[in-house]
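What follows is the content of start-v8.cif, which has mmCIF, C-alpha atoms; chains and numbers go by the auth columns:
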data_coords
loop_
_atom_site.group_PDB
_atom_site.id
_atom_site.type_symbol
_atom_site.label_atom_id
_atom_site.label_comp_id
_atom_site.label_asym_id
_atom_site.label_seq_id
_atom_site.Cartn_x
_atom_site.Cartn_y
_atom_site.Cartn_z
_atom_site.B_iso_or_equiv
_atom_site.auth_seq_id
_atom_site.auth_asym_id
ATOM 1 C CA MET A 1 158.127 111.061 46.006 0.00 675 M
ATOM 2 C CA SER A 2 159.141 114.673 46.560 0.00 676 M
ATOM 3 C CA GLY A 3 161.507 115.610 49.350 0.00 677 M
ATOM 4 C CA GLU A 4 158.758 117.447 51.206 0.00 678 M
ATOM 5 C CA ARG A 5 156.412 114.468 51.025 0.00 679 M
ATOM 6 C CA ALA A 6 159.183 112.115 52.133 0.00 680 M
ATOM 7 C CA VAL A 7 159.822 114.272 55.197 0.00 681 M
ATOM 8 C CA ASP A 8 156.090 114.351 55.939 0.00 682 M
ATOM 9 C CA GLU A 9 155.780 110.560 55.661 0.00 683 M
ATOM 10 C CA ALA A 10 158.823 110.066 57.871 0.00 684 M
ATOM 11 C CA ALA A 11 157.339 112.398 60.491 0.00 685 M
ATOM 12 C CA LEU A 12 154.037 110.508 60.353 0.00 686 M
ATOM 13 C CA HIS A 13 155.809 107.168 60.745 0.00 687 M
ATOM 14 C CA GLU A 14 157.707 108.498 63.763 0.00 688 M
ATOM 15 C CA SER A 15 154.514 109.905 65.277 0.00 689 M
ATOM 16 C CA VAL A 16 152.660 106.615 64.856 0.00 690 M
ATOM 17 C CA SER A 17 155.572 104.669 66.332 0.00 691 M
ATOM 18 C CA ARG A 18 155.665 106.969 69.363 0.00 692 M
ATOM 19 C CA ARG A 19 151.911 106.855 69.930 0.00 693 M
ATOM 20 C CA SER A 20 151.821 103.085 69.419 0.00 694 M
ATOM 21 C CA ALA A 21 154.506 102.585 72.042 0.00 695 M
ATOM 22 C CA ALA A 22 152.579 104.773 74.496 0.00 696 M
ATOM 23 C CA ALA A 23 149.347 102.891 73.800 0.00 697 M
ATOM 24 C CA ARG A 24 151.043 99.524 74.311 0.00 698 M
ATOM 25 C CA GLU A 25 152.509 100.714 77.601 0.00 699 M
ATOM 26 C CA LEU A 26 149.099 101.929 78.788 0.00 700 M
ATOM 27 C CA LEU A 27 147.395 98.677 77.741 0.00 701 M
ATOM 28 C CA ARG A 28 150.015 96.626 79.583 0.00 702 M
ATOM 29 C CA ALA A 29 149.486 98.754 82.695 0.00 703 M
ATOM 30 C CA ILE A 30 145.707 98.313 82.465 0.00 704 M
ATOM 31 C CA ALA A 31 146.069 94.540 82.165 0.00 705 M
ATOM 32 C CA ALA A 32 148.464 94.436 85.114 0.00 706 M
ATOM 33 C CA ASP A 33 146.841 96.930 87.480 0.00 707 M
ATOM 34 C CA PHE A 34 143.149 97.181 86.571 0.00 708 M
ATOM 35 C CA SER A 35 142.111 93.613 85.861 0.00 709 M
ATOM 36 C CA PRO A 36 139.605 92.332 84.970 0.00 710 M
ATOM 37 C CA ALA A 37 139.627 94.716 82.016 0.00 711 M
ATOM 38 C CA VAL A 38 137.576 94.640 78.828 0.00 712 M
ATOM 39 C CA PHE A 39 137.741 96.464 75.525 0.00 713 M
ATOM 40 C CA ALA A 40 134.434 97.594 74.011 0.00 714 M
ATOM 41 C CA SER A 41 134.914 97.462 70.254 0.00 715 M
ATOM 42 C CA SER A 42 132.462 99.137 67.895 0.00 716 M
ATOM 43 C CA LEU A 43 134.582 97.747 65.038 0.00 717 M
ATOM 44 C CA GLY A 44 135.562 101.178 63.722 0.00 718 M
ATOM 45 C CA ALA A 45 139.060 101.976 62.476 0.00 719 M
ATOM 46 C CA GLU A 46 140.227 103.066 65.938 0.00 720 M
ATOM 47 C CA ASP A 47 138.881 99.897 67.510 0.00 721 M
ATOM 48 C CA MET A 48 140.751 97.792 64.971 0.00 722 M
ATOM 49 C CA VAL A 49 144.002 99.535 65.943 0.00 723 M
ATOM 50 C CA LEU A 50 143.391 98.660 69.600 0.00 724 M
ATOM 51 C CA THR A 51 142.391 95.104 68.696 0.00 725 M
ATOM 52 C CA ASP A 52 145.671 94.705 66.823 0.00 726 M
ATOM 53 C CA LEU A 53 147.688 96.113 69.739 0.00 727 M
ATOM 54 C CA ILE A 54 145.964 93.897 72.313 0.00 728 M
ATOM 55 C CA VAL A 55 146.350 90.736 70.232 0.00 729 M
ATOM 56 C CA ARG A 56 149.976 91.467 69.281 0.00 730 M
ATOM 57 C CA GLU A 57 150.849 91.955 72.940 0.00 731 M
ATOM 58 C CA GLY A 58 148.916 88.863 74.015 0.00 732 M
ATOM 59 C CA LEU A 59 147.227 90.856 76.762 0.00 733 M
ATOM 60 C CA PRO A 60 144.543 89.354 79.022 0.00 734 M
ATOM 61 C CA ILE A 61 141.984 91.961 77.973 0.00 735 M
ATOM 62 C CA ALA A 62 138.670 90.533 76.761 0.00 736 M
ATOM 63 C CA ILE A 63 137.254 92.131 73.613 0.00 737 M
ATOM 64 C CA PHE A 64 133.508 92.423 73.138 0.00 738 M
ATOM 65 C CA SER A 65 131.092 94.179 70.807 0.00 739 M
ATOM 66 C CA LEU A 66 127.434 95.165 70.924 0.00 740 M
ATOM 67 C CA ASP A 67 125.287 93.708 68.163 0.00 741 M
ATOM 68 C CA THR A 68 122.271 96.004 68.137 0.00 742 M
ATOM 69 C CA GLY A 69 120.358 93.916 65.630 0.00 743 M
ATOM 70 C CA ARG A 70 120.624 96.679 63.040 0.00 744 M
ATOM 71 C CA LEU A 71 124.297 96.655 62.133 0.00 745 M
ATOM 72 C CA PRO A 72 125.405 96.912 58.494 0.00 746 M
ATOM 73 C CA VAL A 73 126.279 93.648 56.790 0.00 747 M
ATOM 74 C CA GLU A 74 129.822 94.966 56.345 0.00 748 M
ATOM 75 C CA THR A 75 130.224 95.112 60.116 0.00 749 M
ATOM 76 C CA HIS A 76 129.218 91.470 60.450 0.00 750 M
ATOM 77 C CA GLU A 77 131.650 90.607 57.663 0.00 751 M
ATOM 78 C CA LEU A 78 134.422 92.317 59.626 0.00 752 M
ATOM 79 C CA MET A 79 133.578 90.197 62.673 0.00 753 M
ATOM 80 C CA ALA A 80 134.179 87.096 60.540 0.00 754 M
ATOM 81 C CA THR A 81 137.409 88.580 59.175 0.00 755 M
ATOM 82 C CA ILE A 82 138.668 89.233 62.696 0.00 756 M
ATOM 83 C CA ARG A 83 138.143 85.579 63.536 0.00 757 M
ATOM 84 C CA ARG A 84 140.135 84.472 60.487 0.00 758 M
ATOM 85 C CA HIS A 85 142.872 87.106 60.792 0.00 759 M
ATOM 86 C CA TYR A 86 143.492 86.994 64.540 0.00 760 M
ATOM 87 C CA GLY A 87 141.906 83.714 65.584 0.00 761 M
ATOM 88 C CA LEU A 88 139.703 85.871 67.789 0.00 762 M
ATOM 89 C CA THR A 89 135.986 85.370 68.330 0.00 763 M
ATOM 90 C CA LEU A 90 134.433 88.528 69.711 0.00 764 M
ATOM 91 C CA ARG A 91 132.103 88.214 72.684 0.00 765 M
ATOM 92 C CA LEU A 92 128.806 89.645 71.430 0.00 766 M
ATOM 93 C CA TYR A 93 126.072 91.202 73.538 0.00 767 M
ATOM 94 C CA TYR A 94 122.569 91.616 72.135 0.00 768 M
ATOM 95 C CA PRO A 95 119.541 93.651 73.238 0.00 769 M
ATOM 96 C CA ARG A 96 117.162 91.923 75.610 0.00 770 M
ATOM 97 C CA HIS A 97 114.329 90.682 73.436 0.00 771 M
ATOM 98 C CA ASP A 98 111.641 91.666 75.955 0.00 772 M
ATOM 99 C CA LEU A 99 112.857 95.264 76.168 0.00 773 M
ATOM 100 C CA LEU A 100 113.288 95.528 72.411 0.00 774 M
ATOM 101 C CA GLU A 101 109.857 94.084 71.680 0.00 775 M
ATOM 102 C CA ALA A 102 108.216 96.428 74.170 0.00 776 M
ATOM 103 C CA TRP A 103 109.998 99.490 72.782 0.00 777 M
ATOM 104 C CA THR A 104 109.313 98.790 69.111 0.00 778 M
ATOM 105 C CA ASN A 105 105.703 97.797 69.780 0.00 779 M
ATOM 106 C CA GLU A 106 105.128 101.088 71.587 0.00 780 M
ATOM 107 C CA HIS A 107 107.111 103.470 69.386 0.00 781 M
ATOM 108 C CA GLY A 108 107.594 101.762 66.018 0.00 782 M
ATOM 109 C CA ILE A 109 110.580 100.202 64.328 0.00 783 M
ATOM 110 C CA ASN A 110 112.108 103.503 63.097 0.00 784 M
ATOM 111 C CA ALA A 111 110.920 105.889 65.808 0.00 785 M
ATOM 112 C CA PHE A 112 114.480 107.159 66.314 0.00 786 M
ATOM 113 C CA TYR A 113 114.000 109.511 63.342 0.00 787 M
ATOM 114 C CA GLU A 114 111.181 111.330 65.113 0.00 788 M
ATOM 115 C CA SER A 115 113.017 112.950 68.039 0.00 789 M
ATOM 116 C CA VAL A 116 116.272 112.947 69.975 0.00 790 M
ATOM 117 C CA GLU A 117 114.431 111.478 72.951 0.00 791 M
ATOM 118 C CA LEU A 118 113.134 108.524 70.946 0.00 792 M
ATOM 119 C CA ARG A 119 116.501 107.979 69.300 0.00 793 M
ATOM 120 C CA LYS A 120 118.192 107.888 72.697 0.00 794 M
ATOM 121 C CA GLY A 121 115.500 105.503 73.897 0.00 795 M
ATOM 122 C CA CYS A 122 116.366 103.162 71.048 0.00 796 M
ATOM 123 C CA CYS A 123 120.060 103.449 71.903 0.00 797 M
ATOM 124 C CA GLN A 124 119.241 102.719 75.543 0.00 798 M
ATOM 125 C CA VAL A 125 117.639 99.397 74.632 0.00 799 M
ATOM 126 C CA ARG A 126 120.020 98.370 71.858 0.00 800 M
ATOM 127 C CA LYS A 127 123.326 99.670 73.277 0.00 801 M
ATOM 128 C CA VAL A 128 123.342 101.019 76.815 0.00 802 M
ATOM 129 C CA GLU A 129 121.603 98.142 78.583 0.00 803 M
ATOM 130 C CA PRO A 130 123.757 95.500 76.802 0.00 804 M
ATOM 131 C CA LEU A 131 126.870 97.527 77.671 0.00 805 M
ATOM 132 C CA GLN A 132 125.904 97.502 81.328 0.00 806 M
ATOM 133 C CA ARG A 133 125.706 93.717 81.224 0.00 807 M
ATOM 134 C CA ALA A 134 129.071 93.525 79.444 0.00 808 M
ATOM 135 C CA LEU A 135 130.718 95.694 82.108 0.00 809 M
ATOM 136 C CA ALA A 136 129.248 93.870 85.094 0.00 810 M
ATOM 137 C CA GLY A 137 131.996 92.469 87.290 0.00 811 M
ATOM 138 C CA GLN A 138 134.767 94.382 85.507 0.00 812 M
ATOM 139 C CA ARG A 139 137.250 96.740 87.108 0.00 813 M
ATOM 140 C CA SER A 140 138.023 98.772 83.985 0.00 814 M
ATOM 141 C CA TRP A 141 137.045 99.200 80.384 0.00 815 M
ATOM 142 C CA ILE A 142 138.727 100.516 77.277 0.00 816 M
ATOM 143 C CA THR A 143 137.328 102.423 74.307 0.00 817 M
ATOM 144 C CA GLY A 144 138.667 103.557 70.941 0.00 818 M
ATOM 145 C CA MET A 145 137.401 107.111 71.267 0.00 819 M
ATOM 146 C CA ARG A 146 139.482 110.060 70.047 0.00 820 M
ATOM 147 C CA ALA A 147 139.155 113.697 71.103 0.00 821 M
ATOM 148 C CA GLN A 148 139.065 114.897 67.477 0.00 822 M
ATOM 149 C CA GLN A 149 136.056 112.759 66.539 0.00 823 M
ATOM 150 C CA ALA A 150 133.325 115.139 67.684 0.00 824 M
ATOM 151 C CA SER A 151 132.544 118.278 69.651 0.00 825 M
ATOM 152 C CA THR A 152 131.074 116.043 72.370 0.00 826 M
ATOM 153 C CA ARG A 153 134.522 114.454 72.833 0.00 827 M
ATOM 154 C CA ASP A 154 136.622 117.589 73.069 0.00 828 M
ATOM 155 C CA GLY A 155 139.132 117.311 75.911 0.00 829 M
ATOM 156 C CA LEU A 156 138.745 113.541 76.108 0.00 830 M
ATOM 157 C CA PRO A 157 141.120 112.207 78.805 0.00 831 M
ATOM 158 C CA LEU A 158 143.275 109.110 78.588 0.00 832 M
ATOM 159 C CA ARG A 159 141.840 107.938 81.897 0.00 833 M
ATOM 160 C CA SER A 160 138.772 108.779 83.939 0.00 834 M
ATOM 161 C CA VAL A 161 136.339 107.322 86.454 0.00 835 M
ATOM 162 C CA ASP A 162 133.121 106.207 84.767 0.00 836 M
ATOM 163 C CA THR A 163 130.474 107.258 87.263 0.00 837 M
ATOM 164 C CA ALA A 164 127.737 106.274 84.807 0.00 838 M
ATOM 165 C CA ASN A 165 128.861 102.649 85.098 0.00 839 M
ATOM 166 C CA GLY A 166 129.460 102.201 88.784 0.00 840 M
ATOM 167 C CA GLY A 167 132.816 103.931 89.111 0.00 841 M
ATOM 168 C CA LEU A 168 134.817 101.738 86.734 0.00 842 M
ATOM 169 C CA GLU A 169 138.144 103.014 85.472 0.00 843 M
ATOM 170 C CA LYS A 170 137.729 104.040 81.843 0.00 844 M
ATOM 171 C CA PHE A 171 140.637 104.321 79.424 0.00 845 M
ATOM 172 C CA ASN A 172 140.864 105.916 75.983 0.00 846 M
ATOM 173 C CA PRO A 173 144.354 104.961 74.730 0.00 847 M
ATOM 174 C CA LEU A 174 143.849 106.693 71.368 0.00 848 M
ATOM 175 C CA ALA A 175 142.420 109.921 72.803 0.00 849 M
ATOM 176 C CA GLU A 176 145.230 112.051 71.366 0.00 850 M
ATOM 177 C CA TRP A 177 145.616 110.256 68.023 0.00 851 M
ATOM 178 C CA SER A 178 144.699 111.966 64.771 0.00 852 M
ATOM 179 C CA GLU A 179 142.625 110.234 62.093 0.00 853 M
ATOM 180 C CA ARG A 180 145.679 110.241 59.866 0.00 854 M
ATOM 181 C CA GLU A 181 147.712 108.418 62.512 0.00 855 M
ATOM 182 C CA VAL A 182 144.996 105.788 62.895 0.00 856 M
ATOM 183 C CA TRP A 183 145.023 105.028 59.189 0.00 857 M
ATOM 184 C CA ALA A 184 148.811 105.076 59.011 0.00 858 M
ATOM 185 C CA TYR A 185 148.905 102.375 61.707 0.00 859 M
ATOM 186 C CA ILE A 186 146.324 100.303 59.822 0.00 860 M
ATOM 187 C CA ARG A 187 148.362 100.508 56.611 0.00 861 M
ATOM 188 C CA GLN A 188 151.686 99.796 58.309 0.00 862 M
ATOM 189 C CA HIS A 189 150.424 96.679 60.079 0.00 863 M
ATOM 190 C CA GLY A 190 147.921 95.309 57.578 0.00 864 M
ATOM 191 C CA VAL A 191 145.035 95.652 60.005 0.00 865 M
ATOM 192 C CA PRO A 192 141.615 94.597 58.650 0.00 866 M
ATOM 193 C CA TYR A 193 138.883 97.236 58.701 0.00 867 M
ATOM 194 C CA ASN A 194 135.240 97.789 57.800 0.00 868 M
ATOM 195 C CA ALA A 195 134.707 98.004 54.029 0.00 869 M
ATOM 196 C CA LEU A 196 132.348 100.954 54.562 0.00 870 M
ATOM 197 C CA HIS A 197 135.348 103.140 55.408 0.00 871 M
ATOM 198 C CA ASP A 198 136.339 102.940 51.742 0.00 872 M
ATOM 199 C CA ARG A 199 132.882 104.247 50.819 0.00 873 M
ATOM 200 C CA PHE A 200 133.235 107.476 52.825 0.00 874 M
ATOM 201 C CA TYR A 201 131.847 106.213 56.118 0.00 875 M
ATOM 202 C CA PRO A 202 134.406 107.482 58.672 0.00 876 M
ATOM 203 C CA SER A 203 132.107 106.644 61.614 0.00 877 M
ATOM 204 C CA ILE A 204 129.907 103.540 61.518 0.00 878 M
ATOM 205 C CA GLY A 205 127.026 102.616 63.772 0.00 879 M
ATOM 206 C CA CYS A 206 123.636 101.085 63.080 0.00 880 M
ATOM 207 C CA ALA A 207 122.708 100.941 59.393 0.00 881 M
ATOM 208 C CA PRO A 208 119.662 103.267 59.527 0.00 882 M
ATOM 209 C CA CYS A 209 121.574 105.827 61.601 0.00 883 M
ATOM 210 C CA THR A 210 124.741 105.998 59.489 0.00 884 M
ATOM 211 C CA ARG A 211 125.438 107.433 56.056 0.00 885 M
ATOM 212 C CA ALA A 212 128.428 108.409 53.953 0.00 886 M
ATOM 213 C CA VAL A 213 129.865 111.921 54.351 0.00 887 M
ATOM 214 C CA ALA A 214 130.798 114.463 51.712 0.00 888 M
ATOM 215 C CA ALA A 215 134.266 115.896 51.251 0.00 889 M
ATOM 216 C CA GLY A 216 135.059 118.373 54.005 0.00 890 M
ATOM 217 C CA GLU A 217 132.294 117.210 56.355 0.00 891 M
ATOM 218 C CA ASP A 218 133.014 116.358 59.975 0.00 892 M
ATOM 219 C CA VAL A 219 133.945 112.707 60.576 0.00 893 M
ATOM 220 C CA ARG A 220 130.709 112.156 62.524 0.00 894 M
ATOM 221 C CA ALA A 221 128.468 114.073 60.136 0.00 895 M
ATOM 222 C CA GLY A 222 127.117 110.760 58.897 0.00 896 M
ATOM 223 C CA ARG A 223 125.939 109.650 62.343 0.00 897 M
ATOM 224 C CA TRP A 224 122.386 110.730 63.252 0.00 898 M
ATOM 225 C CA TRP A 225 122.694 113.370 60.525 0.00 899 M
ATOM 226 C CA TRP A 226 119.212 114.745 61.275 0.00 900 M
ATOM 227 C CA GLU A 227 120.331 115.919 64.753 0.00 901 M
ATOM 228 C CA ASN A 228 122.466 118.783 66.022 0.00 902 M
ATOM 229 C CA PRO A 229 126.142 117.880 66.674 0.00 903 M
ATOM 230 C CA GLU A 230 125.719 118.492 70.414 0.00 904 M
ATOM 231 C CA SER A 231 123.307 115.558 70.756 0.00 905 M
ATOM 232 C CA LYS A 232 125.301 113.014 68.762 0.00 906 M
ATOM 233 C CA GLU A 233 126.111 110.489 71.465 0.00 907 M
ATOM 234 C CA CYS A 234 124.214 107.285 72.118 0.00 908 M
ATOM 235 C CA GLY A 235 124.586 107.180 75.900 0.00 909 M
ATOM 236 C CA LEU A 236 127.513 104.790 76.055 0.00 910 M
ATOM 237 C CA HIS A 237 129.958 107.569 76.894 0.00 911 M
ATOM 238 C CA LEU A 238 128.119 110.002 79.122 0.00 912 M
ATOM 239 C CA ARG A 239 130.243 112.410 81.134 0.00 913 M
ATOM 240 C CA ARG A 240 128.905 112.924 84.597 0.00 914 M
ATOM 241 C CA PRO A 241 130.427 114.892 87.474 0.00 915 M
#

Structure translated into structure tokens:
Amino acid sequence: MSGERAVDEAALHESVSRRSAAARELLRAIAADFSPAVFASSLGAEDMVLTDLIVREGLPIAIFSLDTGRLPVETHELMATIRRHYGLTLRLYYPRHDLLEAWTNEHGINAFYESVELRKGCCQVRKVEPLQRALAGQRSWITGMRAQQASTRDGLPLRSVDTANGGLEKFNPLAEWSEREVWAYIRQHGVPYNALHDRFYPSIGCAPCTRAVAAGEDVRAGRWWWENPESKECGLHLRRP
């Protein structure tokens, strides 16, 4: 290893250590002051970092995920790995069968390709409504979002009031982390992650709405690739005044 690379790796290690300490402190404060608190995991790399931090600290923060019914098999495999690795069984929320049947019978199974409105309607049934049930009765919720992930997340705060979900406190402990820092943490701590990340899927959602990205593409270029970047949110993280 060259001297320059050694210095760079040392700086990265220091940065990850500093950010990890800050994230642990924030998570402890959330558990102490904003309980009941839940962590919504989409099982991406960032979410695995937060899962590792929560479990290592033994914090009373419930971890749940939304199973849309169209997740990649690799995502389900990661759920099983989490159970083996951490002894943790994720709480899963599924779409309401009556809403899903009504939507697909009216619009078709793959209508989300036809327009942004139909895609958001699919997300509403498969993601947003289950999220609302998962957040019912909670005081705060936590996400793995980072500001650098997309143009729609520029200026992402560490803490905000989620007016879209009844005024819950919403925390993004990794808001200021870089992608490189996320992966450095995963390597340093042996954190399990979705196998699709090794196949050039930096952002993973439902199987028909996610593809691999080419070198140099934005990290969310593989999500809803047929849409403009400004529309690439599913409705889980709306910003309202």

List, as a ChimeraX atom specification, every residue that the PyMOL selection byres ((chain M and resi 720) around 9) selects in the file provided. /M:715-719,721-725,817-820,848,853,856-857

Point-to-point distance in Å for CA of Val802 in chain M and CA of Arg698 in chain M: 27.9 Å

Env of Ala696 in chain M: 12 Å cut, atoms = all atoms listed in the file, seq-sep filter 4 positions within chain, self excluded. Answer as a ChimeraX atom specification. /M:689-692,700-703,727,832,846-851

Residue neighbourhood His771 in chain M, 12 Å, all atoms listed in the file, exclusion window fewer than 3 positions, as a PyMOL selection string: chain M and resi 742-743+767-768+774-779+799-800+803-804

For the atom pair CA of His781 in chain M and CA of Pro882 in chain M, what is the interatomic distance in Å to one decimal place?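 Here the two named atoms are 16.0 Å from each other.
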
Give as a short mmCIF file (atom, residue, chain, number, x, y, z; two decimals) with C-alpha atoms, in the coordinates of the input each residue that has an atom at most 7 Å from (120.1, 101.1, 64.6) in the file, counting all atoms listed in the file.
data_model
loop_
_atom_site.label_atom_id
_atom_site.label_comp_id
_atom_site.auth_asym_id
_atom_site.auth_seq_id
_atom_site.Cartn_x
_atom_site.Cartn_y
_atom_site.Cartn_z
CA THR M 742 122.27 96.00 68.14
CA ARG M 744 120.62 96.68 63.04
CA LEU M 745 124.30 96.66 62.13
CA CYS M 880 123.64 101.08 63.08
CA ALA M 881 122.71 100.94 59.39
CA PRO M 882 119.66 103.27 59.53
CA CYS M 883 121.57 105.83 61.60
#

Just so the selection is clear, what residues does the PyMOL selection byres ((chain M and resi 750) around 12) cover here, as a PyMOL selection string? chain M and resi 716-717+739-749+751-757+764+766+867-870+879-881

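With all atoms listed in the file as the basis for measurement, M:Asp836 is the residue among M:Glu731, M:Glu780, M:Asp836, M:Asp707 that approaches Gln806 in chain M most closely.
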
Just how far from CA of Pro710 in chain M is CA of Ile735 in chain M, in Å to one decimal?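 Computing the Euclidean distance for CA of Ile735 in chain M and CA of Pro710 in chain M yields 7.4 Å.
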
Please determine an axis-aligned box that encloses all atoms of range 740-744 of chain M listed in the file, with 4 Å added on each side, and express its centre and edge lengths in Å to one decimal as JSON.
{"center_x": 123.9, "center_y": 95.2, "center_z": 67.0, "size_x": 15.1, "size_y": 11.0, "size_z": 15.9}

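In terms of minimum interatomic distance to Leu809 in chain M, M:Phe738 ranks closest within M:Arg793, M:Arg873, M:Tyr787, M:Phe738, counting all atoms listed in the file.
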
Please identify all polymer residues lying at most 7 Å from the point (141.2, 94.6, 86.7) (file coordinates), using all atoms listed in the file, and present the result as a ChimeraX atom specification. /M:705,707-711,812-814

For Pro831 in chain M, which residue among M:Asp726, M:Glu791, M:Glu843, M:Glu688 is the nearest when counting only C-alpha atoms? M:Glu843

Which one of M:Cys796, M:Ala684, M:Ala695, M:Val893 sits closest to Ile783 in chain M if you count all atoms listed in the file?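 Comparing M:Cys796, M:Ala684, M:Ala695, M:Val893 against Ile783 in chain M, the winner is M:Cys796.
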
Nearest to Ser852 in chain M by atom-to-atom distance, counting all atoms listed in the file, from M:Ala714, M:Leu686, M:Ala808, M:Cys797: M:Leu686
